[in-house]
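**Q** For reference, this is final.cif, and it has mmCIF, C-alpha atoms.
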data_data
loop_
_atom_site.label_atom_id
_atom_site.label_comp_id
_atom_site.auth_asym_id
_atom_site.auth_seq_id
_atom_site.Cartn_x
_atom_site.Cartn_y
_atom_site.Cartn_z
CA MET A 1 103.80 96.01 105.91
CA ARG A 2 107.51 95.27 106.18
CA ASN A 3 109.24 93.58 109.07
CA TYR A 4 112.99 93.24 108.70
CA LEU A 5 113.42 91.90 112.19
CA SER A 6 111.23 88.87 111.50
CA ALA A 7 113.75 87.73 108.90
CA VAL A 8 116.61 88.38 111.27
CA VAL A 9 114.90 86.41 114.03
CA LEU A 10 114.61 83.40 111.74
CA ALA A 11 118.26 83.66 110.78
CA VAL A 12 119.49 83.78 114.35
CA SER A 13 116.80 81.92 116.27
CA ALA A 14 119.50 79.85 117.94
CA LEU A 15 120.57 83.02 119.69
CA THR A 16 116.99 83.64 120.84
CA LEU A 17 116.99 87.10 119.38
CA ALA A 18 113.43 88.41 119.19
CA ALA A 19 112.15 91.78 118.18
CA ALA A 20 109.58 93.31 115.88
CA ALA A 21 109.17 96.50 113.96
CA MET A 22 106.67 98.05 111.61
CA PRO A 23 107.45 100.00 108.48
CA ALA A 24 106.02 103.39 108.22
CA ALA A 25 104.93 105.47 105.44
CA GLY A 26 108.16 105.97 103.77
CA ALA A 27 109.71 109.44 103.88
CA THR A 28 109.40 111.54 101.15
CA ALA A 29 111.95 109.55 99.75
CA ARG A 30 112.51 112.66 101.61
CA GLY A 31 114.21 112.74 104.86
CA THR A 32 117.04 114.72 106.28
CA VAL A 33 119.15 114.95 109.38
CA ALA A 34 118.91 118.00 111.47
CA GLY A 35 121.32 120.44 112.99
CA SER A 36 123.21 123.44 111.66
CA ALA A 37 126.39 122.10 113.28
CA GLY A 38 126.23 118.82 111.41
CA THR A 39 124.13 116.53 113.56
CA LEU A 40 122.25 113.37 112.63
CA TYR A 41 119.10 112.50 114.54
CA VAL A 42 118.15 108.84 114.91
CA ASP A 43 114.87 107.71 116.47
CA ASN A 44 114.88 104.53 118.54
CA GLN A 45 111.53 102.78 118.30
CA ILE A 46 111.72 100.51 121.35
CA SER A 47 113.65 102.93 123.58
CA GLY A 48 111.30 105.85 122.92
CA THR A 49 114.24 108.18 122.34
CA VAL A 50 116.11 110.13 119.68
CA THR A 51 119.91 109.93 119.54
CA PRO A 52 121.84 112.94 118.20
CA ILE A 53 125.10 112.02 116.45
CA SER A 54 127.90 114.45 115.63
CA ILE A 55 129.03 114.08 112.02
CA ALA A 56 132.37 115.68 112.85
CA THR A 57 133.30 113.07 115.47
CA ASN A 58 130.87 110.17 114.85
CA THR A 59 129.90 110.22 118.51
CA ALA A 60 126.44 109.90 119.99
CA GLY A 61 125.04 112.52 122.33
CA THR A 62 122.56 112.21 125.19
CA PRO A 63 119.31 110.52 124.09
CA VAL A 64 116.25 112.75 123.94
CA ARG A 65 112.91 111.39 125.19
CA ALA A 66 110.30 111.39 122.43
CA GLY A 67 107.20 109.34 123.18
CA ARG A 68 106.69 105.60 123.53
CA SER A 69 107.50 104.35 120.06
CA PRO A 70 108.86 106.91 117.58
CA THR A 71 108.44 105.70 114.00
CA ASN A 72 109.20 108.69 111.82
CA MET A 73 110.83 112.13 111.84
CA GLU A 74 110.74 115.30 109.79
CA ILE A 75 112.91 118.38 110.05
CA THR A 76 112.10 121.94 109.12
CA PRO A 77 113.93 123.30 106.05
CA ASP A 78 115.87 125.72 108.26
CA GLY A 79 117.10 122.79 110.39
CA LYS A 80 115.84 124.31 113.65
CA THR A 81 113.25 121.74 114.67
CA VAL A 82 112.94 117.97 114.39
CA TYR A 83 109.41 116.60 114.64
CA VAL A 84 109.22 113.07 116.01
CA VAL A 85 106.12 111.04 115.19
CA ASP A 86 105.12 108.60 117.95
CA SER A 87 102.69 105.79 117.18
CA GLY A 88 103.14 103.99 120.48
CA GLY A 89 100.15 105.29 122.41
CA PRO A 90 96.39 104.89 122.13
CA GLY A 91 96.42 108.23 120.33
CA GLY A 92 99.26 109.61 118.25
CA THR A 93 101.57 112.43 119.24
CA VAL A 94 104.34 114.46 117.62
CA THR A 95 107.22 115.76 119.73
CA PRO A 96 109.16 118.82 118.56
CA ILE A 97 112.88 118.89 119.40
CA SER A 98 114.96 122.06 119.23
CA THR A 99 118.20 121.30 117.38
CA ALA A 100 119.86 124.23 119.17
CA THR A 101 119.38 122.63 122.59
CA ASN A 102 118.33 119.03 121.82
CA LYS A 103 115.46 119.50 124.25
CA PRO A 104 111.95 118.22 123.50
CA GLY A 105 108.90 120.44 123.55
CA LYS A 106 105.36 119.57 124.59
CA PRO A 107 103.96 116.62 122.61
CA ILE A 108 101.34 117.59 120.04
CA LYS A 109 98.24 115.40 119.95
CA VAL A 110 96.99 114.23 116.57
CA ALA A 111 94.05 112.11 115.45
CA GLY A 112 94.31 108.33 115.31
CA ASN A 113 97.55 106.39 115.08
CA ALA A 114 100.27 108.81 113.95
CA TYR A 115 102.54 107.29 111.34
CA GLY A 116 104.01 108.95 108.26
CA ALA A 117 104.67 112.69 107.97
CA ALA A 118 105.80 115.34 105.52
CA ILE A 119 106.58 119.02 105.82
CA THR A 120 105.87 121.74 103.25
CA PRO A 121 108.86 123.29 101.44
CA ASP A 122 108.24 126.62 103.20
CA GLY A 123 108.39 124.84 106.55
CA LYS A 124 105.06 126.24 107.75
CA THR A 125 102.99 123.06 107.98
CA LEU A 126 103.67 119.49 109.01
CA TYR A 127 101.19 116.90 107.72
CA VAL A 128 100.83 113.73 109.77
CA ALA A 129 99.16 110.63 108.36
CA ASN A 130 96.94 108.96 110.93
CA ALA A 131 96.93 105.24 110.12
CA SER A 132 93.38 104.43 111.12
CA THR A 133 90.02 103.52 109.63
CA PRO A 134 88.53 105.84 108.63
CA GLY A 135 91.78 107.62 107.89
CA ALA A 136 92.79 111.21 108.47
CA VAL A 137 95.69 113.59 108.06
CA THR A 138 96.45 116.16 110.75
CA PRO A 139 98.01 119.51 109.73
CA ILE A 140 100.27 121.10 112.35
CA SER A 141 101.38 124.73 112.32
CA THR A 142 105.13 124.78 112.93
CA ALA A 143 104.93 128.40 114.09
CA THR A 144 102.74 127.50 117.06
CA ASN A 145 102.99 123.70 117.19
CA THR A 146 99.21 123.46 117.25
CA PRO A 147 97.23 120.86 115.30
CA GLY A 148 94.49 121.82 112.90
CA LYS A 149 91.26 120.01 112.09
CA PRO A 150 91.90 116.45 110.83
CA ILE A 151 91.45 116.04 107.08
CA LYS A 152 89.43 113.00 105.99
CA VAL A 153 91.21 110.69 103.57
CA GLY A 154 90.98 106.97 102.73
CA ASN A 155 91.48 104.06 105.10
CA ASN A 156 94.80 103.46 106.86
CA PRO A 157 97.00 106.19 105.35
CA GLN A 158 100.62 105.47 106.21
CA PHE A 159 102.61 107.56 103.78
CA ILE A 160 102.34 111.20 102.81
CA THR A 161 104.41 113.54 100.68
CA VAL A 162 104.22 117.14 99.46
CA THR A 163 104.87 118.39 95.93
CA PRO A 164 107.98 120.53 95.31
CA ASN A 165 105.83 123.67 94.88
CA GLY A 166 104.13 122.96 98.20
CA LYS A 167 100.62 123.18 96.79
CA THR A 168 99.50 119.59 97.24
CA ALA A 169 99.99 116.85 99.79
CA TYR A 170 99.36 113.26 98.68
CA ALA A 171 98.33 110.61 101.20
CA ALA A 172 98.67 106.92 100.33
CA ASP A 173 95.61 105.09 101.67
CA LEU A 174 96.74 101.48 102.16
CA GLY A 175 93.31 100.22 103.14
CA SER A 176 91.48 101.85 100.25
CA ALA A 177 93.94 101.36 97.38
CA THR A 178 93.74 105.09 96.73
CA VAL A 179 95.83 108.25 96.94
CA THR A 180 94.11 111.34 98.32
CA PRO A 181 95.29 114.77 97.15
CA ILE A 182 95.04 117.58 99.70
CA SER A 183 95.19 121.29 98.88
CA THR A 184 97.68 122.83 101.29
CA ALA A 185 96.05 126.25 100.77
CA THR A 186 92.69 125.08 102.14
CA ASN A 187 93.52 121.72 103.78
CA ARG A 188 90.64 120.21 101.85
CA PRO A 189 90.89 116.76 100.29
CA GLY A 190 90.24 116.17 96.60
CA LYS A 191 88.71 113.14 94.95
CA PRO A 192 90.66 109.97 95.78
CA VAL A 193 92.78 108.60 92.94
CA LYS A 194 92.48 104.86 92.34
CA VAL A 195 95.82 103.05 92.32
CA GLY A 196 96.96 99.46 92.96
CA LYS A 197 96.68 97.34 96.09
CA VAL A 198 98.52 98.42 99.23
CA PRO A 199 100.05 101.72 98.10
CA ASP A 200 103.14 102.07 100.29
CA TRP A 201 105.15 104.98 98.96
CA ILE A 202 104.81 108.13 96.84
CA THR A 203 107.60 110.12 95.23
CA VAL A 204 107.09 113.21 93.08
CA THR A 205 109.38 114.11 90.18
CA PRO A 206 111.63 117.15 90.67
CA ASP A 207 109.52 119.16 88.18
CA GLY A 208 106.42 118.31 90.20
CA LYS A 209 104.51 116.95 87.21
CA THR A 210 104.17 113.29 88.18
CA ALA A 211 103.68 111.38 91.41
CA TYR A 212 104.82 107.75 91.35
CA VAL A 213 103.03 105.36 93.72
CA ALA A 214 104.47 101.98 94.73
CA ASN A 215 101.69 99.39 95.04
CA SER A 216 103.25 96.58 97.05
CA GLY A 217 100.15 94.40 96.80
CA SER A 218 99.95 94.63 93.01
CA GLY A 219 103.59 94.53 91.96
CA THR A 220 103.13 97.80 90.11
CA VAL A 221 103.88 101.52 90.17
CA THR A 222 101.12 103.97 89.27
CA PRO A 223 102.09 107.34 87.74
CA ILE A 224 99.69 110.17 88.62
CA SER A 225 99.52 113.49 86.76
CA THR A 226 99.62 116.16 89.44
CA ALA A 227 97.98 118.67 87.08
CA THR A 228 94.83 116.59 86.75
CA ASN A 229 95.17 113.99 89.53
CA THR A 230 94.50 111.21 87.02
CA PRO A 231 96.36 107.90 87.13
CA GLY A 232 98.28 106.52 84.18
CA LYS A 233 98.74 102.91 83.16
CA PRO A 234 100.28 100.84 85.98
CA ILE A 235 103.93 99.92 85.41
CA LYS A 236 104.83 96.31 86.21
CA VAL A 237 107.95 96.03 88.33
CA GLY A 238 107.70 92.67 90.11
CA PRO A 239 106.88 91.50 93.64
CA GLY A 240 106.83 93.89 96.57
CA PRO A 241 107.61 97.38 95.22
CA TYR A 242 108.21 99.55 98.25
CA ALA A 243 110.45 102.61 98.12
CA ILE A 244 110.98 104.93 95.14
CA VAL A 245 113.76 107.45 94.58
CA ILE A 246 114.13 109.70 91.53
CA THR A 247 117.34 111.11 90.07
CA ALA A 248 117.84 114.86 90.42
CA ASP A 249 117.62 115.34 86.65
CA GLY A 250 114.21 113.66 86.68
CA THR A 251 115.10 111.03 84.09
CA THR A 252 114.88 107.83 86.11
CA ALA A 253 112.83 106.48 88.99
CA TYR A 254 114.39 103.60 90.92
CA VAL A 255 111.90 101.24 92.56
CA VAL A 256 113.14 99.05 95.41
CA CYS A 257 111.28 95.71 95.39
CA THR A 258 111.35 93.51 98.45
CA GLY A 259 111.90 90.42 96.33
CA GLY A 260 115.55 91.44 95.96
CA THR A 261 115.69 93.79 93.02
CA VAL A 262 115.72 97.46 92.07
CA VAL A 263 113.83 98.36 88.90
CA PRO A 264 114.74 101.53 86.94
CA ILE A 265 111.85 103.29 85.20
CA ALA A 266 112.45 105.77 82.37
CA ILE A 267 110.27 108.73 83.29
CA ALA A 268 109.99 109.91 79.69
CA THR A 269 108.28 106.67 78.66
CA ASN A 270 107.21 105.06 81.95
CA ARG A 271 108.87 101.87 80.81
CA PRO A 272 110.70 99.65 83.29
CA GLY A 273 114.25 98.55 82.64
CA LYS A 274 116.02 95.32 83.54
CA PRO A 275 115.78 94.55 87.28
CA ILE A 276 119.03 95.03 89.19
CA LYS A 277 119.80 92.30 91.71
CA VAL A 278 120.67 93.42 95.23
CA GLY A 279 120.52 91.73 98.64
CA ARG A 280 117.64 90.05 100.45
CA GLU A 281 114.65 92.17 101.46
CA PRO A 282 115.94 95.51 100.19
CA GLY A 283 114.30 98.46 101.86
CA VAL A 284 115.23 102.07 101.25
CA SER A 285 117.72 103.95 99.13
CA VAL A 286 119.52 107.24 98.67
CA ILE A 287 121.32 108.81 95.69
CA SER A 288 124.72 110.46 96.07
CA PRO A 289 124.77 114.26 95.63
CA ASN A 290 126.76 113.93 92.38
CA GLY A 291 124.06 111.63 90.99
CA LYS A 292 126.47 108.82 90.20
CA THR A 293 125.57 106.17 92.79
CA LEU A 294 122.40 104.71 94.27
CA TYR A 295 122.79 103.06 97.67
CA VAL A 296 120.22 100.43 98.72
CA THR A 297 119.79 98.87 102.16
CA ASN A 298 119.24 95.09 102.32
CA GLY A 299 117.25 94.29 105.44
CA ALA A 300 117.78 90.53 105.60
CA SER A 301 121.36 90.61 104.27
CA ALA A 302 122.66 93.22 106.74
CA SER A 303 124.27 95.13 103.91
CA VAL A 304 124.12 98.09 101.53
CA THR A 305 124.44 97.66 97.77
CA PRO A 306 125.99 100.50 95.72
CA ILE A 307 124.60 100.76 92.17
CA SER A 308 126.22 102.72 89.33
CA ILE A 309 123.53 104.96 87.86
CA ALA A 310 125.45 105.26 84.58
CA THR A 311 125.33 101.50 83.94
CA ASN A 312 122.70 100.23 86.43
CA THR A 313 125.16 97.64 87.68
CA PRO A 314 125.51 96.72 91.35
CA GLY A 315 128.83 96.83 93.17
CA LYS A 316 130.08 94.73 96.06
CA ALA A 317 127.74 94.78 99.06
CA ILE A 318 128.91 96.74 102.11
CA LYS A 319 128.39 94.96 105.44
CA VAL A 320 126.51 96.85 108.16
CA GLY A 321 124.50 95.89 111.23
CA GLY A 322 121.44 93.65 111.12
CA ALA A 323 118.11 94.82 109.67
CA PRO A 324 119.19 98.21 108.29
CA SER A 325 116.17 100.52 108.24
CA ALA A 326 117.49 103.95 107.25
CA ILE A 327 120.30 105.50 105.23
CA ALA A 328 121.72 109.00 104.88
CA ILE A 329 124.52 110.60 102.89
CA THR A 330 126.28 113.85 103.72
CA SER A 331 125.82 116.82 101.41
CA ASN A 332 129.46 116.58 100.27
CA GLY A 333 128.91 112.91 99.37
CA ARG A 334 131.85 111.71 101.43
CA ARG A 335 130.09 109.68 104.07
CA LEU A 336 127.05 107.44 104.43
CA TYR A 337 125.24 106.56 107.65
CA VAL A 338 123.15 103.41 108.01
CA ALA A 339 120.84 102.74 110.97
CA SER A 340 120.58 99.05 111.88
CA GLN A 341 117.88 97.73 114.19
CA VAL A 342 120.09 94.89 115.41
CA PRO A 343 122.05 95.49 117.59
CA GLY A 344 121.04 99.19 117.66
CA THR A 345 123.76 101.04 115.79
CA VAL A 346 124.52 103.52 113.05
CA THR A 347 127.38 102.53 110.74
CA PRO A 348 129.40 105.29 109.03
CA ILE A 349 130.66 104.37 105.55
CA ASN A 350 133.46 106.03 103.59
CA ALA A 351 131.74 106.69 100.24
CA ALA A 352 135.04 106.96 98.36
CA THR A 353 136.06 103.41 99.27
CA ASN A 354 132.73 101.88 100.36
CA THR A 355 134.33 100.73 103.61
CA PRO A 356 132.35 100.76 106.87
CA GLY A 357 133.69 102.40 110.00
CA LYS A 358 133.13 101.62 113.67
CA PRO A 359 129.41 101.34 114.48
CA ILE A 360 127.94 104.07 116.68
CA LYS A 361 125.68 102.85 119.50
CA THR A 362 122.14 104.21 119.58
CA GLY A 363 119.03 103.14 121.46
CA ASN A 364 116.97 100.00 120.93
CA THR A 365 115.72 99.52 117.35
CA PRO A 366 116.83 102.66 115.48
CA TRP A 367 114.23 103.31 112.82
CA SER A 368 114.87 106.49 110.86
CA ILE A 369 117.44 109.24 110.32
CA VAL A 370 116.93 112.94 109.69
CA CYS A 371 119.26 115.87 109.15
CA ALA A 372 119.15 119.47 107.97
CA PRO A 373 118.88 119.64 104.17
CA THR A 374 122.22 121.44 104.05
CA VAL A 375 123.81 118.63 106.07
CA CYS A 376 122.62 115.45 104.36
CA ARG A 377 119.85 113.63 102.52
CA SER A 378 118.25 110.49 103.87
CA SER A 379 115.55 107.87 103.52
CA SER A 380 113.96 105.48 105.96
CA THR A 381 111.29 102.81 106.20
CA ALA A 382 109.12 105.46 107.73
CA GLY A 383 109.76 107.94 105.25
#
Output the file's structure in the form of structure tokens.

**A**
Amino acid sequence: MRNYLSAVVLAVSALTLAAAAMPAAGATARGTVAGSAGTLYVDNQISGTVTPISIATNTAGTPVRAGRSPTNMEITPDGKTVYVVDSGGPGGTVTPISTATNKPGKPIKVAGNAYGAAITPDGKTLYVANASTPGAVTPISTATNTPGKPIKVGNNPQFITVTPNGKTAYAADLGSATVTPISTATNRPGKPVKVGKVPDWITVTPDGKTAYVANSGSGTVTPISTATNTPGKPIKVGPGPYAIVITADGTTAYVVCTGGTVVPIAIATNRPGKPIKVGREPGVSVISPNGKTLYVTNGASASVTPISIATNTPGKAIKVGGAPSAIAITSNGRRLYVASQVPGTVTPINAATNTPGKPIKTGNTPWSIVCAPTVCRSSSTAG
């Protein structure tokens, strides 16, 4: 489990700053910001709200109430609805928000402690990982916003993703050191796949053939054949592998390790390359639409490191707010947005010059960012 704020508290204890946050399941290395008019949605974990931000003007709109402690968001492929996962109550809920009106709908009850989530490519079903023991995944029909029967998986699932063809959902079971495949046609779980300790994140290659699992407790990444659901030989990457992002051409997987490095893995051979040094406690990353640059958030350094994908060399770190937890880049590649838990801001960055703009105020402890797929791509500690 990651906690950027704990590092920040140590660094500024003289200022008596105290806060805490929990990482979620990771977002499909997925993630997007919603709104056909170019709107980012940022959930605020402590405030229990979601802040809409206009990309055109970099101004925040009226906060939308969304449970006690929102930790993750997903948006439908058509950009019409943002689903906000709330893990703050005794039982989990998911709040749908209409991007046309920015008004919340009735919260949807799910089993256990709602945490990570993923939506199918056709937008028909939202899968919510219920981080409990025994674990479960709740399917929700987006047409009716009604939950289906919980699907039994391993213990404490916190991350879930769906294959590009939409046929299989994979849940990472942190407490069982397994990954459970789920048929989206039947909502039935398959045989759990053994992986390393504390599987935190799963990313599937663009061709859908391989799922890569970050095992933060083992210092490895496990490749899984999606055709057979069999694991390959674990790939050693170093301490604390957390988030994984894969290039659009499917040639390289970049593994963010909390020890301060990013490790490139050649997908053709599953061999790791030389670790790339970044800031302290790196968290999540996003690749520019042109495929030339990887941007990595550094939680304890309050910065973002740009990495040239052609040479795997890091550039000068870009300063942002404290404990950055989410990052997004617009579909035209011109602007980045970074959510920082301290002091509760989103920093816009000019991608052409890597210069930060004036921070945009959000609620308390912004945690993740989503946007319509046509608007931007994003990644957050919740996935």

**Q** How would you write, as a list of chain:residue names, the residues chosen by the PyMOL selection byres ((chain A and resi 254-264) around 7) on this structure?

**A**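 Selected by the PyMOL selection byres ((chain A and resi 254-264) around 7) in this file: A:Val237, A:Pro239, A:Gly240, A:Pro241, A:Tyr242, A:Ala243, A:Ile244, A:Val245, A:Ile246, A:Thr252, A:Ala253, A:Ile265, A:Ala266, A:Pro272, A:Gly273, A:Lys274, A:Pro275, A:Ile276, A:Lys277, A:Val278, A:Gly279, A:Arg280, A:Glu281, A:Pro282, A:Gly283, A:Val284.
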
**Q** For the file shown, what are the residues hit by the PyMOL selection byres ((chain A and resi 134-149) around 9), laid out as a PyMOL selection string?

**A** chain A and resi 76+81+96+106-112+114+123-133+150-157+160+171+173+175+187

**Q** Quick one: residues within 9 Å of Ser47 (chain A), only C-alpha atoms counted, chain neighbours fewer than 5 positions away excluded, as a ChimeraX atom specification?

**A** /A:65,68-70,363-366

**Q** Do a neighbour search on Leu40 (chain A) at 10 Å with all atoms listed in the file, toss out local chain neighbours closer than 6 positions, and write the hits as number ranges by chain.

**A** A: 32-34, 50-55, 58, 60, 328, 330, 337, 369-372, 375-376

**Q** Convert the output of the PyMOL selection byres ((chain A and resi 236) around 8) on the shown file into explicit residues, formatted as number ranges by chain.

**A** A: 219-221, 234-235, 237-238, 272

**Q** So how many Å separate CA of Ile97 (chain A) and CA of Ile75 (chain A), to one decimal?

**A** 9.4 Å

**Q** Could you check which of A:Val82, A:Ile309, A:Val179, A:Ala339 is closest to Gly105 (chain A), using only C-alpha atoms?

**A**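 Checking each of A:Val82, A:Ile309, A:Val179, A:Ala339 against Gly105 (chain A), counting only C-alpha atoms, the winner is A:Val82.
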
**Q** A:Thr347, A:Thr184, A:Thr161, A:Gln341: which is nearest Lys319 (chain A), counting all atoms listed in the file?

**A**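 Residue with the minimum atom-to-atom distance to Lys319 (chain A): A:Thr347.
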
**Q** Near Ser303 (chain A), counting only C-alpha atoms, which residues have an atom at most 9 Å away, once you skip same-chain residues fewer than 3 positions from it, shown as a VMD selection string?

**A** chain A and resid 279 296 to 300 317 to 324

**Q** Using only C-alpha atoms, list the residues that have an atom at most 12 Å from (104.7, 117.3, 95.7), coordinates as in the file, as a PyMOL selection string.

**A** chain A and resi 28-30+118-121+160-171+181-184+202-212+224-227+229

**Q** So what do you get for CA of Gly48 (chain A) versus CA of Pro199 (chain A), distance-wise?

**A**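 Separating CA of Gly48 (chain A) from CA of Pro199 (chain A) is a distance of 27.6 Å.
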
**Q** Could you jot down the CA of Lys103 (chain A) to CA of Val64 (chain A) separation for me, Å, one decimal place?

**A** 6.8 Å

**Q** Go through A:Thr293, A:Thr251, A:Thr230, A:Thr362 one by one, measure the shortest atom-to-atom distance of each to Leu336 (chain A) using all atoms listed in the file, and give the residue with the smallest value.

**A**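 Counting all atoms listed in the file, the residue closest to Leu336 (chain A) is A:Thr293.
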
**Q** Of the residues A:Ala100, A:Ala302, A:Ala66, A:Ile329, which is the one nearest to Asn290 (chain A), using only C-alpha atoms?

**A** A:Ile329

**Q** Return as JSON the box centre and box size in Å, one decimal, for an axis-aligned box around all listed atoms of region 365-379 of chain A padded by 8 Å per side.

**A**
{"center_x": 119.0, "center_y": 110.5, "center_z": 109.9, "size_x": 25.6, "size_y": 37.9, "size_z": 30.8}

**Q** Pick out the closest residue to Gly196 (chain A) from this set: A:Thr180, A:Leu294, A:Thr222, A:Ile307. Count all atoms listed in the file.

**A**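 Among the listed residues, the smallest separation from Gly196 (chain A) belongs to A:Thr222.
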